[in-house]
Amino acid sequence: MFVESTIIISNLPLKNRSESPFVRVSSQLLVVLIRQTIKAMEENVNQIVMDARYKEELFNSFYNSLNASFKTAEIEEQLREVYDFAFEAHRDQRRKTTGEPFIIHPVSVALIVANEIGLGVMSVVAALLHDVVEDTKYSLETITSRFGGEVADIVAGLTKITNVYNAKSNVQAETFKKMLLSIPHD
């Protein structure tokens with residue numbers, strides 16, 4: 001119906017478009033269409049299947065978005081191992097506010113750490129793992145044994161910082177504070 005109204009309006013002489021009842025109808029339909037689109041987007045986010053294909057596509061998108069300094073086979077292998085671990089740790093988790101897969105958050109933080117703040121591989125690794133200890137069954141000891149003491153120290157620092165700030169803090173600002181305070185370890 002919206003498409004039909006648009007076609008009718010576009011065929012009217014320019015001076016009559018605003019006088020046409022179809023303009024009001026198409027405006028109302030536009031609002032309905034926007035609401036339906038937002039609802040569909042929210043539903044589609046909840047329907048994302050966390051399968052091997054999604055896992056691979058998200059990693060490729062993440063890795064391809066990193067700046068050139070991360071484009072070595074060794075770093076790619078290291079980031080793949082950490083990403084795979086974080087993906088599996090967060091597999092069944094969704095963001096409370098958006099319903100999107102939780103893994104999108106640490107991947108986004110890792111991209112900010114790498115590309116916008118300009119930190120190194122250890123910080124990117126810690127960014128990918130920063131919510132694993134807080135939000136999954138894995139402990140800091142697991143992080144230490146799998147990824148080393150330096151990474152575990154950064155993750156531990158991020159976890160402690162989270163507990164210091166009020167829960168009402170802006171999430172983005174809190175994440176940035178975490179990263180800044182963990183820089184001395186990187």
# chains A, B, ... in the order shown; residues from 1 in each chain; ligands from 1
>>> residues_around(residues="region 73-87 of chain A", least_positions_apart="2", cutoff="9 Å", atoms="only C-alpha atoms", output="JSON, numbers by chain")
{"A": [50, 55, 59, 63, 70, 71, 89, 90, 91, 102, 103, 106, 107, 121, 124, 125, 126, 128, 129, 131, 132, 146, 147]}
>>> residues_around(residues="Pro101 (chain A)", least_positions_apart="2", cutoff="10 Å", atoms="only C-alpha atoms", output="ChimeraX atom specification")
/A:45-50,87,90-96,98-99,103-105
>>> write_last_selection(atoms="N, CA and C atoms", output="PDB file, in the first residue's frame")
ATOM      1  N   VAL A  45      17.418  -9.508  15.255  1.00  0.00           N
ATOM      2  CA  VAL A  45      18.582  -9.593  16.128  1.00  0.00           C
ATOM      3  C   VAL A  45      18.435 -10.788  17.050  1.00  0.00           C
ATOM      4  N   ASN A  46      17.226 -11.003  17.557  1.00  0.00           N
ATOM      5  CA  ASN A  46      16.997 -12.135  18.442  1.00  0.00           C
ATOM      6  C   ASN A  46      17.015 -13.463  17.696  1.00  0.00           C
ATOM      7  N   GLN A  47      16.894 -13.426  16.374  1.00  0.00           N
ATOM      8  CA  GLN A  47      16.881 -14.647  15.591  1.00  0.00           C
ATOM      9  C   GLN A  47      18.249 -15.004  15.015  1.00  0.00           C
ATOM     10  N   ILE A  48      19.267 -14.214  15.299  1.00  0.00           N
ATOM     11  CA  ILE A  48      20.605 -14.532  14.810  1.00  0.00           C
ATOM     12  C   ILE A  48      21.010 -15.871  15.403  1.00  0.00           C
ATOM     13  N   VAL A  49      21.394 -16.782  14.526  1.00  0.00           N
ATOM     14  CA  VAL A  49      21.809 -18.115  14.958  1.00  0.00           C
ATOM     15  C   VAL A  49      23.315 -18.092  15.163  1.00  0.00           C
ATOM     16  N   MET A  50      23.722 -18.464  16.337  1.00  0.00           N
ATOM     17  CA  MET A  50      25.142 -18.441  16.688  1.00  0.00           C
ATOM     18  C   MET A  50      25.808 -19.740  16.206  1.00  0.00           C
ATOM     19  N   PHE A  87      33.960 -16.376  21.850  1.00  0.00           N
ATOM     20  CA  PHE A  87      32.705 -16.697  21.171  1.00  0.00           C
ATOM     21  C   PHE A  87      32.009 -17.853  21.890  1.00  0.00           C
ATOM     22  N   HIS A  90      30.607 -16.872  25.339  1.00  0.00           N
ATOM     23  CA  HIS A  90      29.420 -16.001  25.285  1.00  0.00           C
ATOM     24  C   HIS A  90      28.321 -16.548  24.363  1.00  0.00           C
ATOM     25  N   ARG A  91      28.465 -17.767  23.891  1.00  0.00           N
ATOM     26  CA  ARG A  91      27.572 -18.327  22.863  1.00  0.00           C
ATOM     27  C   ARG A  91      26.091 -18.147  23.179  1.00  0.00           C
ATOM     28  N   ASP A  92      25.674 -18.408  24.382  1.00  0.00           N
ATOM     29  CA  ASP A  92      24.248 -18.365  24.731  1.00  0.00           C
ATOM     30  C   ASP A  92      23.805 -17.037  25.338  1.00  0.00           C
ATOM     31  N   GLN A  93      24.677 -16.051  25.320  1.00  0.00           N
ATOM     32  CA  GLN A  93      24.344 -14.771  25.936  1.00  0.00           C
ATOM     33  C   GLN A  93      23.883 -13.744  24.910  1.00  0.00           C
ATOM     34  N   ARG A  94      22.933 -12.920  25.325  1.00  0.00           N
ATOM     35  CA  ARG A  94      22.426 -11.816  24.519  1.00  0.00           C
ATOM     36  C   ARG A  94      22.514 -10.537  25.329  1.00  0.00           C
ATOM     37  N   ARG A  95      22.672  -9.417  24.649  1.00  0.00           N
ATOM     38  CA  ARG A  95      22.659  -8.118  25.325  1.00  0.00           C
ATOM     39  C   ARG A  95      21.252  -7.862  25.839  1.00  0.00           C
ATOM     40  N   LYS A  96      21.150  -7.413  27.069  1.00  0.00           N
ATOM     41  CA  LYS A  96      19.836  -7.170  27.671  1.00  0.00           C
ATOM     42  C   LYS A  96      19.070  -6.061  26.952  1.00  0.00           C
ATOM     43  N   THR A  98      19.490  -4.809  23.725  1.00  0.00           N
ATOM     44  CA  THR A  98      19.208  -4.932  22.295  1.00  0.00           C
ATOM     45  C   THR A  98      18.839  -6.342  21.852  1.00  0.00           C
ATOM     46  N   GLY A  99      19.207  -7.338  22.636  1.00  0.00           N
ATOM     47  CA  GLY A  99      18.960  -8.718  22.247  1.00  0.00           C
ATOM     48  C   GLY A  99      19.998  -9.269  21.287  1.00  0.00           C
ATOM     49  N   ILE A 103      28.632 -11.459  22.057  1.00  0.00           N
ATOM     50  CA  ILE A 103      29.990 -11.428  21.514  1.00  0.00           C
ATOM     51  C   ILE A 103      30.257 -10.168  20.696  1.00  0.00           C
ATOM     52  N   ILE A 104      29.225  -9.546  20.183  1.00  0.00           N
ATOM     53  CA  ILE A 104      29.404  -8.315  19.412  1.00  0.00           C
ATOM     54  C   ILE A 104      30.033  -7.231  20.276  1.00  0.00           C
ATOM     55  N   HIS A 105      29.700  -7.200  21.561  1.00  0.00           N
ATOM     56  CA  HIS A 105      30.263  -6.180  22.458  1.00  0.00           C
ATOM     57  C   HIS A 105      31.782  -6.312  22.592  1.00  0.00           C
TER      58      HIS A 105
END
>>> atom_distance(atom1="CA of Lys137 (chain A)", atom2="CA of Ile154 (chain A)")
18.5 Å
>>> select_by_dssp(residues="region 92-148 of chain A", states="helix (DSSP H, G or I)", output="VMD selection string")
chain A and resid 104 to 117 121 to 129 132 to 135 140 to 147
>>> closest_residue(among="A:Phe62, A:Leu111, A:Ser69, A:Val155", to="Glu141 (chain A)", atoms="only C-alpha atoms")
A:Val155
>>> atom_distance(atom1="CA of Tyr138 (chain A)", atom2="CA of Ser61 (chain A)")
25.7 Å
>>> atom_distance(atom1="CA of Asn60 (chain A)", atom2="CA of Gly149 (chain A)")
27.2 Å
>>> decode(residues="region 119-149 of chain A", atoms="N, CA and C atoms", output="mmCIF file, in the first residue's frame")
data_model
loop_
_atom_site.group_PDB
_atom_site.id
_atom_site.type_symbol
_atom_site.label_atom_id
_atom_site.label_comp_id
_atom_site.auth_asym_id
_atom_site.auth_seq_id
_atom_site.Cartn_x
_atom_site.Cartn_y
_atom_site.Cartn_z
ATOM 1 N N LEU A 119 46.116 0.700 20.775
ATOM 2 C CA LEU A 119 46.865 -0.199 21.649
ATOM 3 C C LEU A 119 47.272 -1.460 20.888
ATOM 4 N N GLY A 120 48.124 -2.261 21.536
ATOM 5 C CA GLY A 120 48.697 -3.433 20.889
ATOM 6 C C GLY A 120 47.872 -4.699 21.028
ATOM 7 N N VAL A 121 48.488 -5.781 20.610
ATOM 8 C CA VAL A 121 47.832 -7.082 20.547
ATOM 9 C C VAL A 121 47.342 -7.538 21.917
ATOM 10 N N MET A 122 48.144 -7.369 22.951
ATOM 11 C CA MET A 122 47.746 -7.806 24.300
ATOM 12 C C MET A 122 46.463 -7.110 24.747
ATOM 13 N N SER A 123 46.350 -5.840 24.464
ATOM 14 C CA SER A 123 45.141 -5.099 24.844
ATOM 15 C C SER A 123 43.940 -5.543 24.022
ATOM 16 N N VAL A 124 44.158 -5.850 22.755
ATOM 17 C CA VAL A 124 43.065 -6.341 21.910
ATOM 18 C C VAL A 124 42.599 -7.704 22.419
ATOM 19 N N VAL A 125 43.551 -8.552 22.767
ATOM 20 C CA VAL A 125 43.222 -9.868 23.341
ATOM 21 C C VAL A 125 42.418 -9.685 24.627
ATOM 22 N N ALA A 126 42.883 -8.807 25.498
ATOM 23 C CA ALA A 126 42.170 -8.551 26.761
ATOM 24 C C ALA A 126 40.780 -7.973 26.502
ATOM 25 N N ALA A 127 40.663 -7.133 25.483
ATOM 26 C CA ALA A 127 39.348 -6.568 25.145
ATOM 27 C C ALA A 127 38.381 -7.667 24.721
ATOM 28 N N LEU A 128 38.862 -8.625 23.950
ATOM 29 C CA LEU A 128 38.012 -9.750 23.544
ATOM 30 C C LEU A 128 37.578 -10.592 24.750
ATOM 31 N N LEU A 129 38.426 -10.631 25.775
ATOM 32 C CA LEU A 129 38.163 -11.476 26.948
ATOM 33 C C LEU A 129 37.594 -10.716 28.148
ATOM 34 N N HIS A 130 37.414 -9.406 28.025
ATOM 35 C CA HIS A 130 37.164 -8.580 29.205
ATOM 36 C C HIS A 130 35.899 -8.932 29.978
ATOM 37 N N ASP A 131 34.910 -9.559 29.366
ATOM 38 C CA ASP A 131 33.699 -9.935 30.104
ATOM 39 C C ASP A 131 33.605 -11.429 30.389
ATOM 40 N N VAL A 132 34.577 -12.197 29.941
ATOM 41 C CA VAL A 132 34.516 -13.652 30.125
ATOM 42 C C VAL A 132 34.506 -14.017 31.604
ATOM 43 N N VAL A 133 35.389 -13.420 32.393
ATOM 44 C CA VAL A 133 35.483 -13.758 33.816
ATOM 45 C C VAL A 133 34.232 -13.317 34.572
ATOM 46 N N GLU A 134 33.711 -12.139 34.226
ATOM 47 C CA GLU A 134 32.535 -11.611 34.921
ATOM 48 C C GLU A 134 31.241 -12.316 34.542
ATOM 49 N N ASP A 135 31.103 -12.669 33.264
ATOM 50 C CA ASP A 135 29.796 -13.074 32.750
ATOM 51 C C ASP A 135 29.674 -14.527 32.304
ATOM 52 N N THR A 136 30.717 -15.329 32.505
ATOM 53 C CA THR A 136 30.644 -16.730 32.079
ATOM 54 C C THR A 136 31.180 -17.635 33.182
ATOM 55 N N LYS A 137 31.234 -18.906 32.882
ATOM 56 C CA LYS A 137 31.702 -19.898 33.863
ATOM 57 C C LYS A 137 33.217 -19.918 34.011
ATOM 58 N N TYR A 138 33.935 -19.193 33.168
ATOM 59 C CA TYR A 138 35.397 -19.258 33.177
ATOM 60 C C TYR A 138 35.998 -18.341 34.235
ATOM 61 N N SER A 139 37.075 -18.822 34.828
ATOM 62 C CA SER A 139 37.746 -18.072 35.895
ATOM 63 C C SER A 139 38.993 -17.378 35.354
ATOM 64 N N LEU A 140 39.551 -16.528 36.183
ATOM 65 C CA LEU A 140 40.796 -15.847 35.843
ATOM 66 C C LEU A 140 41.932 -16.866 35.667
ATOM 67 N N GLU A 141 41.868 -17.948 36.416
ATOM 68 C CA GLU A 141 42.882 -19.007 36.283
ATOM 69 C C GLU A 141 42.828 -19.625 34.882
ATOM 70 N N THR A 142 41.630 -19.776 34.352
ATOM 71 C CA THR A 142 41.486 -20.306 32.994
ATOM 72 C C THR A 142 42.116 -19.352 31.988
ATOM 73 N N ILE A 143 41.883 -18.068 32.176
ATOM 74 C CA ILE A 143 42.473 -17.058 31.288
ATOM 75 C C ILE A 143 43.999 -17.128 31.372
ATOM 76 N N THR A 144 44.513 -17.242 32.586
ATOM 77 C CA THR A 144 45.962 -17.325 32.791
ATOM 78 C C THR A 144 46.545 -18.550 32.094
ATOM 79 N N SER A 145 45.924 -19.685 32.284
ATOM 80 C CA SER A 145 46.481 -20.911 31.691
ATOM 81 C C SER A 145 46.352 -20.931 30.169
ATOM 82 N N ARG A 146 45.314 -20.327 29.625
ATOM 83 C CA ARG A 146 45.109 -20.350 28.167
ATOM 84 C C ARG A 146 45.836 -19.231 27.442
ATOM 85 N N PHE A 147 45.918 -18.050 28.072
ATOM 86 C CA PHE A 147 46.422 -16.889 27.333
ATOM 87 C C PHE A 147 47.577 -16.164 28.007
ATOM 88 N N GLY A 148 47.991 -16.623 29.163
ATOM 89 C CA GLY A 148 49.157 -16.040 29.812
ATOM 90 C C GLY A 148 48.833 -15.047 30.914
ATOM 91 N N GLY A 149 49.837 -14.819 31.749
ATOM 92 C CA GLY A 149 49.688 -13.957 32.911
ATOM 93 C C GLY A 149 49.447 -12.493 32.579
#
